[in-house]
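So the structure is just underneath, and the comments pick up after that.
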Amino acid sequence: MSDSSEPGTILRVRGPLEFKCQLDSTVGSHIQKVISRTFETLRSRVKSESLVFTVCDSPVVVWPNRGKQETLYASPEEITPNTLCKDLQQWIKTDEQESSSKKNAKSKSKKIPTASVINLHLMMEVTKPGPLPALTLNRTVQKHHFLRTTLPMDCVVHTTCNDTIGVACERLLEELLHQLCEMEKVSLQHMKGTTLQVPEPLHFLLPESKGLVTVVYPAGVPDSQLEAHRKELHQRFELPEDRPYFRRANVYRFPNETYRDGYLRNPHLAVTHPSLENGKLYLVQGIYSYHHYMQDRMDDNGWGCAYRSLQTICSWFQQQGYTERPVPTHKEIQQALVDVGDKQGSFVGSRQWIGSIEVQAVLNQLLSVTSKIMFVSQGSELASKGRELANHFITEGTPVMIGGGVLAHTILGVAWSETTGQIRYLILDPHYTGSEDLQVITDKGWCGWKGPDFWDQTAYYNLCLPQRPKTI
């Protein structure tokens with residue numbers, strides 16, 4: 001467990017450890033003893049002088065077990081055990097830094113602020129100084145079963161601005177040894193005959209001061225079979241049992257890890273919030289993808305805005321771990337409406353609009369998610385809905401789809417003053433047709449704060465407020 005509630009630097013060490021053992025018997029007790037003995041051997045290796053940490057994209061190499069709390073570095077020699085962890089950044093050179101230095105002030109792309117992470121690679125020295133022993137060969141004829149796999153070690157520690165490299169290495173060693181113990185438990189618990197399930201360390205960012213927590217799961221076992229384990233984790237960390245925190249979809253994504261699907265995540269984090277007299281912010285909770293016109297090689301310009309808002313909502317439920325179902329396509333949305341009897345078969349493949357009521361039906365059909373519908377007879381009344389919307393973002397935290405006239409938008413939050421009644425709406429606009437350029441999207445207001453005059457004052461609106469399922 002790593003407390004990331006204070007500013008500082010996260011040190012993350014990753015690397016393979018080879019697990020191999022010979023089973024002379026397939027009796028369960030024998031297998032368990034051999035596996036435990038092999039894990040003990042690996043823990044001994046981690047404690048040995050052969051363990052090496054290399055700081056990625058830098059010349060820094062660390063032997064954490066050499067000498068009495070003394071760390072040896074191949075280069076640079078200026079680094080000592082008393083060097084502050086944050087000072088390692090000056091030795092790291094990435095392609096992104098080189099590219100930005102060449103561009104200099106020519107391009108000022110906007111980025112969502114993220115934590116500082118230093119990546120280290122775990123390695124084991126295979127050679128030793130001194131004369132080599134004479135080579136000996138032995139030949140043994142024996143029937144046995146050989147187990148071999150690679151353990152994907154992945155440990156993190158959160159360091160404060162005053163922590164030194166020496167202290168951080170000690171904590172990383174403790175985490176590595178603890179992770180090997182957890183891997184041993186998982187391997188023994190999920191062993192099937194002589195088949196070893198590879199243990200998989202995953203990191204989860206828990207609310208408030210609990211910070212980053214590492215949990216080891218068996219890689220081949222789906223989330224549906226790990227509910228009992230998740231309940232134990234919820235109890236251990238005193239978490240509510242009405243929402244998921246430890247499903248694989250909840251895994252923390254480090255700042256240097258990019259999404260491969262091409263969608264922007266949480267663009268509202270790059271938007272400056274408004275200041276209202278005695279006002280408070282009430283925002284969407286968790287992660288969503290920004291879906292808008294012309295994505296996925298689909299020309300829906302002029303008719304697909306509600307579909308895109310629905311896709312954004314579905315992405316929220318997927319990335320919070322409520323469903324493993326992919327974000328539905330336009331045709332899948334249309335087919336769901338046909339399946340529930342809302343539309344005729346000819347609706348599938350058409351370019352017909354949908355509204356909040358249809359969004360509610362699709363969420364229930366595809367995700368088993370219920371929604372509340374808020375009816376507003378004219379846009380001017382939306383200014384009086386601050387309390388209801390604030391309460392929604394406090395209790396549910398889901399994106400809200402709003403449809404009125406021929407337009408649909410996604411509401412990601414409100415800034416509302418209970419004393420003055422002033423209100424601003426954080427809008428994600430699905431009508432955007434450009435590329436995934438965060439600078440353009442925020443500067444041009446495709447994701448941004450809008451006042452009450454943003455709405456058509458005479459048009460009626462329906463708002464779809466999705467509710468969280470009560471599950472872990």
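By order of appearance in the structure tokens: chains A, B, ..., then residues from 1 within every chain, and ligands from 1 in the order shown.
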
All residues 7 Å or closer to Lys372 (chain A), only C-alpha atoms, same chain fewer than 5 positions away omitted, as number ranges by chain: A: 464-466

Export, as an mmCIF file, in the first residue's frame, the selected residues with all heavy atoms.
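Okay, again-v1.cif is ready:
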data_model
loop_
_atom_site.group_PDB
_atom_site.id
_atom_site.type_symbol
_atom_site.label_atom_id
_atom_site.label_comp_id
_atom_site.auth_asym_id
_atom_site.auth_seq_id
_atom_site.Cartn_x
_atom_site.Cartn_y
_atom_site.Cartn_z
ATOM 1 N N CYS A 464 -31.620 12.516 -18.664
ATOM 2 C CA CYS A 464 -31.484 11.122 -18.247
ATOM 3 C C CYS A 464 -30.357 11.037 -17.223
ATOM 4 O O CYS A 464 -29.196 11.314 -17.544
ATOM 5 C CB CYS A 464 -31.187 10.225 -19.446
ATOM 6 S SG CYS A 464 -30.954 8.482 -19.025
ATOM 7 N N LEU A 465 -30.717 10.681 -15.986
ATOM 8 C CA LEU A 465 -29.750 10.618 -14.880
ATOM 9 C C LEU A 465 -29.512 9.147 -14.513
ATOM 10 O O LEU A 465 -30.278 8.550 -13.745
ATOM 11 C CB LEU A 465 -30.270 11.385 -13.665
ATOM 12 C CG LEU A 465 -30.301 12.921 -13.738
ATOM 13 C CD1 LEU A 465 -31.394 13.401 -14.688
ATOM 14 C CD2 LEU A 465 -30.514 13.525 -12.359
ATOM 15 N N PRO A 466 -28.456 8.509 -15.058
ATOM 16 C CA PRO A 466 -28.201 7.096 -14.781
ATOM 17 C C PRO A 466 -27.861 6.865 -13.302
ATOM 18 O O PRO A 466 -27.164 7.682 -12.680
ATOM 19 C CB PRO A 466 -27.016 6.756 -15.685
ATOM 20 C CG PRO A 466 -26.991 7.843 -16.721
ATOM 21 C CD PRO A 466 -27.493 9.062 -16.022
#

Selection: 12 Å around Asp342 (chain A), only C-alpha atoms, excl. self and same-chain fewer than 3 positions, as a count of residues only: 19

Interatomic distance, CA of Val216 (chain A) to CA of Val198 (chain A) (Å, one decimal):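 CA of Val216 (chain A) sits 9.9 Å away from CA of Val198 (chain A).
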
Who sits within 12 Å of Trp455 (chain A), only C-alpha atoms, same chain under 6 positions skipped, as a list in words: Val376, Gln378, Gly379, Ser380, Glu381, Leu382, Ala383, Ile402, Gly403, Gly404, Gly405, Leu407, Ala408, His409, Arg424, Tyr425, Ile427 and Tyr461 of chain A

Keeping only C-alpha atoms, write those residues as a PDB file, in the first residue's frame.
ATOM      1  CA  VAL A 376     -38.229  20.509 -17.854  1.00  0.00           C
ATOM      2  CA  GLN A 378     -38.741  25.081 -20.946  1.00  0.00           C
ATOM      3  CA  GLY A 379     -35.027  25.798 -20.910  1.00  0.00           C
ATOM      4  CA  SER A 380     -35.392  28.775 -18.590  1.00  0.00           C
ATOM      5  CA  GLU A 381     -36.375  26.359 -15.794  1.00  0.00           C
ATOM      6  CA  LEU A 382     -33.010  24.565 -15.897  1.00  0.00           C
ATOM      7  CA  ALA A 383     -31.497  27.382 -13.824  1.00  0.00           C
ATOM      8  CA  ILE A 402     -29.789  16.116 -21.733  1.00  0.00           C
ATOM      9  CA  GLY A 403     -31.915  16.376 -24.858  1.00  0.00           C
ATOM     10  CA  GLY A 404     -33.976  19.323 -26.058  1.00  0.00           C
ATOM     11  CA  GLY A 405     -35.270  20.273 -29.472  1.00  0.00           C
ATOM     12  CA  LEU A 407     -29.766  18.747 -29.753  1.00  0.00           C
ATOM     13  CA  ALA A 408     -28.271  16.492 -27.105  1.00  0.00           C
ATOM     14  CA  HIS A 409     -25.409  17.204 -24.705  1.00  0.00           C
ATOM     15  CA  ARG A 424     -22.977  26.951 -14.347  1.00  0.00           C
ATOM     16  CA  TYR A 425     -23.053  23.682 -16.277  1.00  0.00           C
ATOM     17  CA  ILE A 427     -20.885  20.539 -20.795  1.00  0.00           C
ATOM     18  CA  TYR A 461     -35.747  19.322 -22.120  1.00  0.00           C
TER      19      TYR A 461
END

Could you find all residues in region 164-339 of chain A that DSSP calls strand (DSSP E) from the backbone, and write them as a tab-separated table (two decimals) with N, CA and C atoms, in the first residue's frame?
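For reference, states29.tsv as written:
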chain	number	residue	atom	x	y	z
A	199	PRO	N	0.26	-15.45	-11.19
A	199	PRO	CA	-0.24	-14.34	-10.36
A	199	PRO	C	0.00	-13.00	-11.05
A	200	GLU	N	-0.98	-12.13	-10.93
A	200	GLU	CA	-0.97	-10.86	-11.65
A	200	GLU	C	-1.13	-9.69	-10.68
A	201	PRO	N	-0.08	-8.90	-10.44
A	201	PRO	CA	-0.22	-7.74	-9.55
A	201	PRO	C	-0.89	-6.57	-10.26
A	202	LEU	N	-1.90	-5.98	-9.59
A	202	LEU	CA	-2.64	-4.85	-10.14
A	202	LEU	C	-2.69	-3.74	-9.11
A	203	HIS	N	-2.68	-2.50	-9.57
A	203	HIS	CA	-2.70	-1.34	-8.68
A	203	HIS	C	-4.05	-0.64	-8.75
A	204	PHE	N	-4.57	-0.24	-7.59
A	204	PHE	CA	-5.85	0.44	-7.51
A	204	PHE	C	-5.70	1.70	-6.67
A	205	LEU	N	-6.23	2.80	-7.17
A	205	LEU	CA	-6.18	4.06	-6.43
A	205	LEU	C	-7.48	4.19	-5.64
A	206	LEU	N	-7.38	4.08	-4.33
A	206	LEU	CA	-8.55	4.13	-3.47
A	206	LEU	C	-8.83	5.57	-3.03
A	211	GLY	N	-4.75	5.80	-0.78
A	211	GLY	CA	-3.72	5.84	-1.79
A	211	GLY	C	-3.70	4.62	-2.70
A	212	LEU	N	-2.53	4.35	-3.28
A	212	LEU	CA	-2.36	3.23	-4.20
A	212	LEU	C	-2.23	1.93	-3.42
A	213	VAL	N	-3.02	0.94	-3.82
A	213	VAL	CA	-2.99	-0.38	-3.19
A	213	VAL	C	-2.72	-1.41	-4.28
A	214	THR	N	-1.83	-2.36	-4.00
A	214	THR	CA	-1.51	-3.41	-4.95
A	214	THR	C	-2.18	-4.71	-4.50
A	215	VAL	N	-2.89	-5.33	-5.44
A	215	VAL	CA	-3.59	-6.59	-5.19
A	215	VAL	C	-3.11	-7.61	-6.21
A	216	VAL	N	-2.90	-8.85	-5.77
A	216	VAL	CA	-2.47	-9.92	-6.67
A	216	VAL	C	-3.67	-10.81	-6.99
A	217	TYR	N	-3.98	-10.92	-8.28
A	217	TYR	CA	-5.06	-11.79	-8.75
A	217	TYR	C	-4.46	-12.91	-9.60
A	218	PRO	N	-5.16	-14.04	-9.73
A	218	PRO	CA	-4.74	-15.06	-10.70
A	218	PRO	C	-5.14	-14.62	-12.10
A	279	GLY	N	-20.29	29.45	-4.02
A	279	GLY	CA	-20.59	28.32	-4.90
A	279	GLY	C	-19.70	27.12	-4.63
A	280	LYS	N	-20.19	25.93	-4.98
A	280	LYS	CA	-19.43	24.69	-4.86
A	280	LYS	C	-19.49	23.93	-6.19
A	281	LEU	N	-18.47	23.09	-6.39
A	281	LEU	CA	-18.41	22.26	-7.58
A	281	LEU	C	-18.99	20.88	-7.28
A	282	TYR	N	-19.76	20.37	-8.21
A	282	TYR	CA	-20.32	19.02	-8.12
A	282	TYR	C	-20.04	18.35	-9.46
A	283	LEU	N	-19.09	17.40	-9.46
A	283	LEU	CA	-18.56	16.88	-10.72
A	283	LEU	C	-18.77	15.38	-10.86

Quick one: contact table of region 252-338 of chain A to region 226-248 of chain A, 9 Å max, nearest atom pair and distance in Å to one decimal per residue, counting only C-alpha atoms, chain and number order, as CSV?
residue,atom,partner,partner_atom,distance
A:Gln320,CA,A:Pro244,CA,7.1
A:Gly321,CA,A:Arg247,CA,5.8
A:Tyr322,CA,A:Pro244,CA,7.1

Spatial neighbours of region 384-387 of chain A, max dist 10 Å, only C-alpha atoms, sep filter under 6 positions, as number ranges by chain: A: 282, 374, 376, 414-418, 421-425, 452

For Val46 (chain A): contacts at 10 Å, only C-alpha atoms, fewer than 6 positions along chain excluded, given as a list of chain:residue names: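 Residues meeting the cut-off are A:Leu17, A:Glu40, A:Val52, A:Pro64, A:Asn65, A:Leu122, A:Met123, A:Met124, A:Leu173, A:Glu174, A:Leu176, A:Leu177, A:Leu180.
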
Save the residues we just selected, all heavy atoms, as a CSV table (one decimal), in the first residue's frame?
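again_22.csv written:
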chain,number,residue,atom,x,y,z
A,17,LEU,N,10.6,-12.2,-12.9
A,17,LEU,CA,11.4,-13.2,-12.1
A,17,LEU,C,11.0,-14.6,-12.6
A,17,LEU,O,9.8,-14.9,-12.6
A,17,LEU,CB,11.1,-13.0,-10.6
A,17,LEU,CG,11.7,-11.9,-9.8
A,17,LEU,CD1,11.3,-12.0,-8.3
A,17,LEU,CD2,13.2,-12.0,-10.0
A,40,GLU,N,10.3,-19.2,-1.7
A,40,GLU,CA,11.3,-18.8,-0.7
A,40,GLU,C,12.7,-18.6,-1.3
A,40,GLU,O,13.4,-17.7,-1.0
A,40,GLU,CB,11.4,-19.9,0.4
A,40,GLU,CG,12.3,-19.6,1.5
A,40,GLU,CD,12.0,-18.3,2.2
A,40,GLU,OE1,10.7,-18.1,2.4
A,40,GLU,OE2,12.9,-17.5,2.6
A,52,VAL,N,19.3,-5.8,-8.9
A,52,VAL,CA,19.7,-4.5,-9.5
A,52,VAL,C,18.4,-3.8,-9.9
A,52,VAL,O,17.4,-4.3,-10.4
A,52,VAL,CB,20.5,-4.7,-10.8
A,52,VAL,CG1,20.9,-3.4,-11.4
A,52,VAL,CG2,21.8,-5.6,-10.5
A,64,PRO,N,20.7,-2.3,-4.5
A,64,PRO,CA,20.2,-1.9,-3.2
A,64,PRO,C,20.7,-2.8,-2.1
A,64,PRO,O,20.5,-2.3,-0.9
A,64,PRO,CB,18.7,-2.1,-3.4
A,64,PRO,CG,18.5,-3.1,-4.5
A,64,PRO,CD,19.7,-2.9,-5.4
A,65,ASN,N,21.2,-3.9,-2.3
A,65,ASN,CA,21.6,-4.8,-1.2
A,65,ASN,C,23.1,-4.9,-1.0
A,65,ASN,O,23.6,-5.7,-0.3
A,65,ASN,CB,21.1,-6.3,-1.5
A,65,ASN,CG,19.6,-6.3,-1.4
A,65,ASN,OD1,19.0,-5.6,-0.6
A,65,ASN,ND2,19.0,-7.1,-2.3
A,122,LEU,N,13.5,-4.0,-12.8
A,122,LEU,CA,14.1,-5.0,-11.9
A,122,LEU,C,14.9,-6.0,-12.7
A,122,LEU,O,14.5,-6.6,-13.7
A,122,LEU,CB,13.0,-5.7,-11.1
A,122,LEU,CG,13.4,-6.8,-10.1
A,122,LEU,CD1,12.4,-6.9,-9.0
A,122,LEU,CD2,13.5,-8.2,-10.8
A,123,MET,N,16.2,-6.2,-12.3
A,123,MET,CA,17.1,-7.2,-13.0
A,123,MET,C,17.8,-8.0,-11.9
A,123,MET,O,17.9,-7.6,-10.8
A,123,MET,CB,18.0,-6.4,-13.9
A,123,MET,CG,17.4,-5.5,-14.9
A,123,MET,SD,18.5,-4.5,-15.9
A,123,MET,CE,19.2,-5.8,-16.9
A,124,MET,N,18.4,-9.1,-12.4
A,124,MET,CA,19.2,-9.9,-11.5
A,124,MET,C,20.5,-10.2,-12.2
A,124,MET,O,20.6,-10.6,-13.4
A,124,MET,CB,18.5,-11.3,-11.2
A,124,MET,CG,17.2,-11.2,-10.5
A,124,MET,SD,17.2,-10.5,-8.9
A,124,MET,CE,18.2,-11.6,-8.0
A,173,LEU,N,12.2,-2.9,-1.6
A,173,LEU,CA,12.6,-4.2,-1.3
A,173,LEU,C,11.5,-4.9,-0.4
A,173,LEU,O,11.1,-6.1,-0.6
A,173,LEU,CB,13.9,-4.3,-0.5
A,173,LEU,CG,15.2,-4.1,-1.3
A,173,LEU,CD1,16.4,-3.9,-0.4
A,173,LEU,CD2,15.4,-5.3,-2.2
A,174,GLU,N,11.0,-4.2,0.5
A,174,GLU,CA,9.9,-4.7,1.4
A,174,GLU,C,8.7,-5.0,0.5
A,174,GLU,O,8.0,-6.0,0.7
A,174,GLU,CB,9.5,-3.6,2.4
A,174,GLU,CG,10.6,-3.4,3.5
A,174,GLU,CD,10.2,-2.3,4.5
A,174,GLU,OE1,9.1,-1.7,4.3
A,174,GLU,OE2,11.0,-2.0,5.4
A,176,LEU,N,8.6,-5.8,-2.7
A,176,LEU,CA,8.9,-6.9,-3.5
A,176,LEU,C,8.8,-8.2,-2.8
A,176,LEU,O,8.2,-9.2,-3.3
A,176,LEU,CB,10.3,-6.8,-4.1
A,176,LEU,CG,10.5,-5.8,-5.3
A,176,LEU,CD1,12.0,-5.6,-5.5
A,176,LEU,CD2,9.8,-6.3,-6.5
A,177,LEU,N,9.3,-8.3,-1.5
A,177,LEU,CA,9.2,-9.5,-0.7
A,177,LEU,C,7.7,-9.7,-0.4
A,177,LEU,O,7.2,-10.9,-0.4
A,177,LEU,CB,10.0,-9.3,0.6
A,177,LEU,CG,11.5,-9.2,0.3
A,177,LEU,CD1,12.2,-8.9,1.6
A,177,LEU,CD2,12.0,-10.6,-0.2
A,180,LEU,N,5.9,-11.2,-3.4
A,180,LEU,CA,6.2,-12.6,-3.6
A,180,LEU,C,5.4,-13.5,-2.7
A,180,LEU,O,4.9,-14.5,-3.0
A,180,LEU,CB,7.7,-12.8,-3.4
A,180,LEU,CG,8.6,-12.4,-4.6
A,180,LEU,CD1,10.0,-12.5,-4.3
A,180,LEU,CD2,8.3,-13.3,-5.8

Point-to-point distance from CA of Ser315 (chain A) to CA of Ala270 (chain A), Å rounded to tenths: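 Atom-to-atom, CA of Ser315 (chain A) and CA of Ala270 (chain A) are spaced 19.3 Å apart.
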
Per-residue DSSP, region 169-314 of chain A, filtered to helix (DSSP H, G or I), as a ChimeraX atom specification: /A:169-189,208-210,223-225,227-236,248-250,267-270,295-297,305-314
